[in-house]
file input.tsv (TSV, C-alpha atoms)
chain	number	residue	atom	x	y	z
A	1	MET	CA	53.94	-24.86	-80.87
A	2	LEU	CA	56.24	-22.89	-83.15
A	3	LYS	CA	53.34	-21.86	-85.36
A	4	ARG	CA	51.55	-20.25	-82.40
A	5	MET	CA	54.53	-18.27	-81.18
A	6	PRO	CA	53.88	-15.23	-83.46
A	7	LYS	CA	50.29	-14.90	-82.17
A	8	ILE	CA	51.41	-15.24	-78.57
A	9	LEU	CA	54.12	-12.65	-79.14
A	10	THR	CA	51.58	-10.35	-80.83
A	11	ARG	CA	49.27	-10.54	-77.80
A	12	VAL	CA	52.16	-9.79	-75.41
A	13	LEU	CA	53.16	-6.76	-77.48
A	14	LYS	CA	49.55	-5.54	-77.58
A	15	GLN	CA	49.25	-5.85	-73.79
A	16	THR	CA	52.54	-3.99	-73.30
A	17	ALA	CA	51.45	-1.23	-75.69
A	18	CYS	CA	48.13	-1.00	-73.88
A	19	ARG	CA	49.82	-0.52	-70.49
A	20	LEU	CA	52.08	2.17	-71.97
A	21	PHE	CA	49.05	3.82	-73.57
A	22	PHE	CA	47.21	4.11	-70.27
A	23	PHE	CA	50.32	5.47	-68.59
A	24	LEU	CA	50.35	8.28	-71.17
A	25	ILE	CA	46.57	8.86	-71.01
A	26	GLY	CA	46.70	9.13	-67.23
A	27	ALA	CA	49.65	11.52	-67.20
A	28	SER	CA	49.18	15.14	-66.11
A	29	VAL	CA	51.84	16.38	-68.54
A	30	VAL	CA	51.82	15.97	-72.30
A	31	SER	CA	54.99	16.30	-74.36
A	32	ALA	CA	55.40	16.76	-78.12
A	33	GLY	CA	59.07	16.87	-79.01
A	34	SER	CA	60.63	19.70	-77.03
A	35	ILE	CA	57.30	21.19	-75.82
A	36	GLY	CA	55.77	20.06	-72.53
A	37	VAL	CA	52.32	21.19	-71.36
A	38	SER	CA	50.68	20.80	-67.95
A	39	PRO	CA	47.84	20.17	-67.26
A	40	VAL	CA	46.64	18.34	-70.38
A	41	ARG	CA	43.09	19.76	-70.25
A	42	LEU	CA	41.14	22.59	-68.65
A	43	THR	CA	37.70	22.42	-67.05
A	44	LEU	CA	35.89	25.73	-66.50
A	45	SER	CA	32.44	26.72	-65.26
A	46	ASN	CA	30.40	29.73	-64.17
A	47	SER	CA	32.06	29.49	-60.76
A	48	GLN	CA	35.56	29.06	-62.24
A	49	GLN	CA	35.93	31.17	-65.36
A	50	MET	CA	39.74	31.37	-65.22
A	51	GLY	CA	42.34	28.69	-65.85
A	52	GLU	CA	46.04	28.36	-66.62
A	53	ILE	CA	48.58	26.02	-68.15
A	54	THR	CA	52.37	25.85	-68.03
A	55	VAL	CA	54.26	25.42	-71.31
A	56	ARG	CA	57.82	24.14	-70.94
A	57	ASN	CA	60.80	24.10	-73.32
A	58	ASP	CA	62.71	20.84	-72.95
A	59	GLY	CA	64.73	21.37	-76.13
A	60	THR	CA	68.21	22.65	-76.83
A	61	GLU	CA	67.30	26.04	-78.27
A	62	PRO	CA	64.73	28.79	-77.55
A	63	ILE	CA	61.28	28.34	-79.07
A	64	ILE	CA	58.56	30.79	-80.13
A	65	ILE	CA	54.99	29.65	-79.53
A	66	GLN	CA	51.84	31.09	-81.06
A	67	MET	CA	48.51	30.20	-79.47
A	68	GLU	CA	45.16	29.78	-81.20
A	69	ILE	CA	41.83	29.01	-79.52
A	70	MET	CA	39.02	27.38	-81.51
A	71	ASN	CA	35.46	26.34	-80.87
A	72	TRP	CA	35.36	22.53	-81.05
A	73	SER	CA	32.42	20.58	-82.43
A	74	GLN	CA	31.97	17.29	-84.28
A	75	LEU	CA	30.08	16.31	-87.42
A	76	GLN	CA	29.67	12.69	-88.52
A	77	GLY	CA	32.60	11.57	-86.40
A	78	LYS	CA	34.94	14.33	-87.61
A	79	ASN	CA	36.30	17.21	-85.54
A	80	VAL	CA	35.28	20.70	-86.65
A	81	PHE	CA	37.18	23.80	-85.47
A	82	THR	CA	35.96	27.39	-85.89
A	83	PRO	CA	37.45	30.67	-84.60
A	84	THR	CA	36.02	31.98	-81.34
A	85	ARG	CA	36.37	34.89	-78.94
A	86	GLU	CA	34.40	33.17	-76.20
A	87	LEU	CA	37.64	31.99	-74.60
A	88	LEU	CA	40.73	34.19	-74.48
A	89	GLY	CA	44.33	33.30	-73.65
A	90	ASN	CA	47.26	35.50	-72.68
A	91	PRO	CA	49.94	35.86	-73.89
A	92	PRO	CA	48.92	34.86	-77.45
A	93	ILE	CA	52.57	34.60	-78.58
A	94	PHE	CA	55.68	34.06	-76.44
A	95	THR	CA	59.29	32.90	-76.43
A	96	ILE	CA	60.56	30.27	-73.99
A	97	PRO	CA	64.31	29.96	-73.34
A	98	VAL	CA	66.02	26.58	-73.10
A	99	GLY	CA	64.89	24.86	-69.89
A	100	GLY	CA	62.38	27.64	-69.20
A	101	SER	CA	58.60	27.76	-68.96
A	102	GLN	CA	55.72	30.12	-69.63
A	103	LEU	CA	52.50	30.47	-67.65
A	104	VAL	CA	49.50	31.01	-69.95
A	105	ARG	CA	46.19	32.22	-68.47
A	106	PHE	CA	42.73	31.74	-69.92
A	107	GLY	CA	39.43	33.49	-69.28
A	108	LEU	CA	35.88	32.58	-70.29
A	109	ARG	CA	34.02	35.53	-71.83
A	110	ARG	CA	30.55	34.01	-71.83
A	111	ALA	CA	28.25	32.21	-69.44
A	112	SER	CA	28.17	28.44	-69.50
A	113	ASP	CA	25.34	26.73	-71.34
A	114	ILE	CA	22.39	25.79	-69.15
A	115	ASN	CA	22.05	22.20	-70.33
A	116	ARG	CA	25.14	21.11	-72.28
A	117	GLU	CA	28.92	21.17	-71.91
A	118	LEU	CA	30.81	23.66	-74.11
A	119	THR	CA	34.00	22.50	-75.80
A	120	TYR	CA	37.05	24.34	-77.13
A	121	ARG	CA	40.55	23.46	-78.31
A	122	ILE	CA	43.81	25.27	-77.57
A	123	PHE	CA	46.48	24.93	-80.27
A	124	LEU	CA	50.11	25.75	-79.46
A	125	GLN	CA	52.16	26.12	-82.64
A	126	GLU	CA	55.93	26.43	-82.67
A	127	LEU	CA	56.99	29.17	-85.12
A	128	PRO	CA	60.05	29.03	-87.41
A	129	GLN	CA	63.07	31.14	-86.51
A	130	SER	CA	65.90	32.59	-88.53
A	131	ASN	CA	68.97	30.40	-88.13
A	132	ASN	CA	72.20	32.36	-88.08
A	133	ASN	CA	74.24	29.17	-87.89
A	134	ALA	CA	72.85	27.98	-91.23
A	135	LEU	CA	72.48	24.44	-89.94
A	136	MET	CA	71.80	21.78	-92.52
A	137	GLY	CA	68.44	20.07	-92.67
A	138	THR	CA	64.87	21.07	-91.86
A	139	LYS	CA	63.56	21.36	-88.31
A	140	MET	CA	60.16	19.84	-87.57
A	141	LEU	CA	57.94	22.42	-85.87
A	142	MET	CA	55.86	21.08	-82.99
A	143	ARG	CA	52.10	21.56	-82.61
A	144	VAL	CA	50.24	20.68	-79.42
A	145	SER	CA	46.45	20.57	-78.99
A	146	MET	CA	44.52	20.33	-75.72
A	147	PRO	CA	40.80	20.43	-74.86
A	148	VAL	CA	38.87	22.91	-72.74
A	149	PHE	CA	35.52	21.86	-71.26
A	150	VAL	CA	32.99	24.28	-69.78
A	151	LEU	CA	30.53	22.59	-67.44
A	152	PRO	CA	26.80	23.34	-67.84
A	153	GLU	CA	24.66	24.61	-65.00
A	154	VAL	CA	23.04	21.19	-64.56
A	155	ASP	CA	24.83	17.93	-63.75
A	156	ALA	CA	26.98	16.83	-66.69
A	157	LYS	CA	27.64	13.24	-67.74
A	158	PRO	CA	27.84	11.18	-70.93
A	159	VAL	CA	25.13	8.64	-71.72
A	160	LEU	CA	26.48	6.02	-74.12
A	161	LEU	CA	24.62	3.69	-76.48
A	162	TRP	CA	26.77	0.94	-78.00
A	163	GLN	CA	25.91	-0.95	-81.19
A	164	ALA	CA	27.58	-3.77	-83.14
A	165	ALA	CA	27.12	-5.04	-86.69
A	166	ARG	CA	29.03	-7.18	-89.17
A	167	THR	CA	30.30	-5.50	-92.32
A	168	LEU	CA	29.96	-6.98	-95.80
A	169	LYS	CA	33.61	-8.09	-95.56
A	170	GLY	CA	33.04	-9.93	-92.29
A	171	ALA	CA	34.64	-7.37	-89.97
A	172	LEU	CA	32.92	-5.97	-86.90
A	173	LYS	CA	31.66	-2.39	-86.77
A	174	ILE	CA	31.36	-1.00	-83.25
A	175	SER	CA	29.51	2.29	-82.85
A	176	VAL	CA	28.88	4.42	-79.79
A	177	SER	CA	26.50	7.36	-79.51
A	178	ASN	CA	26.78	9.92	-76.73
A	179	ASN	CA	23.24	10.90	-75.74
A	180	GLY	CA	24.38	12.74	-72.64
A	181	ASN	CA	25.29	16.39	-72.07
A	182	ALA	CA	29.06	15.95	-71.54
A	183	HIS	CA	31.97	14.49	-73.50
A	184	VAL	CA	33.55	11.08	-73.05
A	185	GLN	CA	37.03	9.92	-74.05
A	186	ILE	CA	37.25	6.24	-74.95
A	187	ALA	CA	40.70	5.03	-73.95
A	188	HIS	CA	40.34	1.30	-74.55
A	189	PHE	CA	37.69	-1.33	-75.05
A	190	LYS	CA	37.51	-5.06	-75.63
A	191	LEU	CA	34.80	-7.47	-76.75
A	192	SER	CA	34.40	-11.09	-75.68
A	193	LEU	CA	31.78	-13.81	-75.69
A	194	PRO	CA	29.57	-13.73	-72.58
A	195	GLY	CA	31.23	-15.73	-69.81
A	196	ASN	CA	34.54	-15.97	-71.70
A	197	ALA	CA	37.50	-13.88	-70.51
A	198	GLN	CA	39.36	-14.32	-73.82
A	199	PRO	CA	38.75	-11.12	-75.85
A	200	LEU	CA	37.71	-11.44	-79.47
A	201	VAL	CA	38.95	-7.97	-80.34
A	202	THR	CA	40.59	-5.10	-78.46
A	203	GLN	CA	40.90	-1.47	-79.42
A	204	ASN	CA	43.16	1.25	-78.01
A	205	SER	CA	42.15	4.81	-78.81
A	206	ALA	CA	42.10	8.34	-77.50
A	207	ASP	CA	38.88	9.32	-79.23
A	208	TYR	CA	36.55	11.95	-77.80
A	209	ILE	CA	32.81	11.73	-78.42
A	210	LEU	CA	31.15	15.06	-77.72
A	211	PRO	CA	27.51	15.39	-76.58
A	212	GLY	CA	25.03	14.39	-79.28
A	213	GLN	CA	27.73	12.78	-81.44
A	214	SER	CA	28.70	9.27	-82.53
A	215	TYR	CA	31.89	7.40	-83.43
A	216	SER	CA	32.60	4.04	-85.11
A	217	TRP	CA	35.48	1.58	-85.32
A	218	ILE	CA	35.96	-1.24	-87.83
A	219	LEU	CA	37.59	-4.21	-86.07
A	220	THR	CA	38.93	-7.57	-87.20
A	221	ALA	CA	38.92	-10.52	-84.83
A	222	ASP	CA	41.81	-12.94	-84.26
A	223	ALA	CA	41.73	-15.86	-86.73
A	224	ASP	CA	41.46	-18.30	-83.79
A	225	TYR	CA	38.36	-16.49	-82.49
A	226	PRO	CA	36.10	-15.47	-85.40
A	227	ILE	CA	33.40	-12.83	-85.00
A	228	PRO	CA	30.03	-14.32	-83.99
A	229	ARG	CA	27.04	-14.24	-86.31
A	230	SER	CA	24.31	-11.60	-86.37
A	231	GLY	CA	21.87	-11.97	-83.49
A	232	GLU	CA	24.52	-13.17	-81.04
A	233	SER	CA	25.70	-11.06	-78.13
A	234	LEU	CA	29.09	-9.80	-77.06
A	235	GLN	CA	30.32	-8.60	-73.69
A	236	LEU	CA	31.91	-5.13	-73.92
A	237	PHE	CA	34.32	-3.66	-71.40
A	238	ALA	CA	35.52	-0.08	-71.94
A	239	GLN	CA	37.79	2.28	-70.02
A	240	THR	CA	36.93	5.96	-70.32
A	241	ASP	CA	37.73	9.23	-68.59
A	242	SER	CA	34.28	8.95	-66.95
A	243	GLY	CA	34.90	5.50	-65.52
A	244	ASN	CA	34.77	1.87	-66.60
A	245	ILE	CA	31.84	0.53	-68.62
A	246	GLU	CA	30.66	-3.07	-68.85
A	247	THR	CA	27.63	-3.91	-70.99
A	248	GLU	CA	26.21	-6.48	-73.41
A	249	VAL	CA	25.95	-5.64	-77.12
A	250	MET	CA	23.96	-7.68	-79.63
A	251	ILE	CA	25.28	-7.94	-83.18
A	252	GLU	CA	22.57	-6.47	-85.36
A	253	PRO	CA	21.35	-8.24	-88.50
call {"tool": "encode", "arguments": {"input": "input.tsv", "output": "structure tokens"}}
result
Amino acid sequence: MLKRMPKILTRVLKQTACRLFFFLIGASVVSAGSIGVSPVRLTLSNSQQMGEITVRNDGTEPIIIQMEIMNWSQLQGKNVFTPTRELLGNPPIFTIPVGGSQLVRFGLRRASDINRELTYRIFLQELPQSNNNALMGTKMLMRVSMPVFVLPEVDAKPVLLWQAARTLKGALKISVSNNGNAHVQIAHFKLSLPGNAQPLVTQNSADYILPGQSYSWILTADADYPIPRSGESLQLFAQTDSGNIETEVMIEP
């Protein structure tokens, strides 16, 4: 009994962390240190080419924020950011007093794509300030990033293809490809044997998979529940920003 206590405690802590994770994912306000931003993402279209966010200073001293907008793409599972003028924000730099807030407006300068969602990232960088009080120590400057999605003219949705394979070291590689025309954010997924509620592995994440892109995770099962052999199937349950997914995945040879 005593030998199993650490594993039981580990599962309880994982479940608690998972509940906290979903509370944060579902929140409409994101906070990094003294900077609060609401909403946490923007969705634009041809019929709604303007959007706005509110940036709040929850700290104990004024802050200066500089904004940068980048085109957001992915290559081999890695995010790629390039400068763009297709989306503009105003004001590009601003100061927020203690307890104050700043409304930032955005405007799309191009038409939406006909077939595929467009994706951008807004970066809010806190700038250093001269310190007349000569306080000791170094202040950590906050940086907040949030996505902007521009809907295509046609209906937009992700289409996901899941795959599983064992690695040479016996771990489990889970891959998902997005063959749709809109992003998906994978918040959490778990794998279990068909008909068995006990998960073999669980994974919390906040990973985005943009249209036409793929992402992979390397997972290790609990020692009490080893990963099945190649050719066997697993039941997958995932929670995403597009809804819950339940499907069967066969472990490839």
call {"tool": "axis_aligned_box", "arguments": {"input": "input.tsv", "around": "stretch 59-78 of chain A", "padding_each_side": "3 Å", "output": "lines of an AutoDock Vina configuration file"}}
result
center_x = 48.9
center_y = 21.3
center_z = -82.3
size_x = 44.5
size_y = 25.5
size_z = 18.4
call {"tool": "atom_distance", "arguments": {"input": "input.tsv", "atom1": "atom CA of A:Val98", "atom2": "atom CA of A:Ile65"}}
result
13.1 Å
call {"tool": "closest_atom_pairs", "arguments": {"input": "input.tsv", "of": "stretch 53-73 of chain A", "to": "stretch 106-126 of chain A", "cutoff": "7 Å", "atoms": "all atoms listed in the file", "output": "JSON lines"}}
result
{"residue": "A:Ile63", "atom": "CA", "partner": "A:Glu126", "partner_atom": "CA", "distance": 6.7}
{"residue": "A:Ile64", "atom": "CA", "partner": "A:Glu126", "partner_atom": "CA", "distance": 5.7}
{"residue": "A:Ile65", "atom": "CA", "partner": "A:Glu126", "partner_atom": "CA", "distance": 4.6}
{"residue": "A:Gln66", "atom": "CA", "partner": "A:Gln125", "partner_atom": "CA", "distance": 5.2}
{"residue": "A:Met67", "atom": "CA", "partner": "A:Leu124", "partner_atom": "CA", "distance": 4.7}
{"residue": "A:Glu68", "atom": "CA", "partner": "A:Phe123", "partner_atom": "CA", "distance": 5.1}
{"residue": "A:Ile69", "atom": "CA", "partner": "A:Ile122", "partner_atom": "CA", "distance": 4.7}
{"residue": "A:Met70", "atom": "CA", "partner": "A:Arg121", "partner_atom": "CA", "distance": 5.3}
{"residue": "A:Asn71", "atom": "CA", "partner": "A:Tyr120", "partner_atom": "CA", "distance": 4.5}
{"residue": "A:Trp72", "atom": "CA", "partner": "A:Tyr120", "partner_atom": "CA", "distance": 4.6}
call {"tool": "closest_residue", "arguments": {"input": "input.tsv", "among": "A:Ile93, A:Met140, A:Leu75, A:Val249", "to": "A:Leu161", "atoms": "only C-alpha atoms"}}
result
A:Val249
call {"tool": "closest_residue", "arguments": {"input": "input.tsv", "among": "A:Trp217, A:Tyr208, A:Phe189, A:Phe149", "to": "A:Ala164", "atoms": "only C-alpha atoms"}}
result
A:Trp217
call {"tool": "decode", "arguments": {"input": "input.tsv", "residues": "stretch 41-101 of chain A", "atoms": "C-alpha atoms", "output": "CSV table (one decimal), in the first residue's frame"}}
result
chain,number,residue,atom,x,y,z
A,41,ARG,CA,-7.3,36.4,-29.1
A,42,LEU,CA,-8.9,38.2,-32.0
A,43,THR,CA,-11.0,36.8,-34.8
A,44,LEU,CA,-11.5,39.1,-37.9
A,45,SER,CA,-13.1,38.6,-41.3
A,46,ASN,CA,-14.1,40.5,-44.4
A,47,SER,CA,-17.3,41.6,-42.5
A,48,GLN,CA,-15.3,42.5,-39.4
A,49,GLN,CA,-12.0,44.1,-40.2
A,50,MET,CA,-11.6,45.9,-36.9
A,51,GLY,CA,-10.9,44.6,-33.5
A,52,GLU,CA,-9.6,45.8,-30.1
A,53,ILE,CA,-8.0,44.6,-26.9
A,54,THR,CA,-7.6,46.2,-23.5
A,55,VAL,CA,-4.1,46.1,-21.9
A,56,ARG,CA,-4.1,46.6,-18.1
A,57,ASN,CA,-1.3,47.5,-15.6
A,58,ASP,CA,-1.7,45.5,-12.4
A,59,GLY,CA,1.7,46.4,-11.1
A,60,THR,CA,3.1,48.9,-8.7
A,61,GLU,CA,4.7,51.3,-11.2
A,62,PRO,CA,3.9,52.7,-14.6
A,63,ILE,CA,4.9,50.5,-17.6
A,64,ILE,CA,5.8,51.3,-21.2
A,65,ILE,CA,4.5,48.9,-23.8
A,66,GLN,CA,5.7,48.5,-27.4
A,67,MET,CA,3.6,46.5,-29.8
A,68,GLU,CA,4.8,44.4,-32.7
A,69,ILE,CA,2.6,42.5,-35.2
A,70,MET,CA,3.9,39.5,-37.1
A,71,ASN,CA,2.7,37.1,-39.7
A,72,TRP,CA,2.4,33.7,-38.1
A,73,SER,CA,3.2,30.4,-39.9
A,74,GLN,CA,4.6,27.0,-39.0
A,75,LEU,CA,7.3,24.9,-40.5
A,76,GLN,CA,7.9,21.3,-39.3
A,77,GLY,CA,6.2,21.9,-36.0
A,78,LYS,CA,8.0,25.2,-35.3
A,79,ASN,CA,6.4,28.7,-35.2
A,80,VAL,CA,7.8,31.1,-37.8
A,81,PHE,CA,7.2,34.9,-37.4
A,82,THR,CA,7.8,37.5,-40.2
A,83,PRO,CA,7.1,41.2,-40.2
A,84,THR,CA,3.8,42.3,-41.8
A,85,ARG,CA,1.8,45.4,-42.7
A,86,GLU,CA,-1.4,43.4,-43.4
A,87,LEU,CA,-2.6,44.1,-39.9
A,88,LEU,CA,-2.0,47.4,-38.1
A,89,GLY,CA,-2.4,48.3,-34.4
A,90,ASN,CA,-2.7,51.7,-32.8
A,91,PRO,CA,-1.1,53.0,-30.7
A,92,PRO,CA,2.2,51.1,-31.4
A,93,ILE,CA,3.8,52.3,-28.1
A,94,PHE,CA,2.1,53.5,-25.0
A,95,THR,CA,2.5,54.1,-21.2
A,96,ILE,CA,0.0,52.7,-18.7
A,97,PRO,CA,-0.2,54.2,-15.2
A,98,VAL,CA,-0.5,52.0,-12.1
A,99,GLY,CA,-4.0,50.5,-12.1
A,100,GLY,CA,-4.8,52.0,-15.5
A,101,SER,CA,-5.5,50.5,-18.9
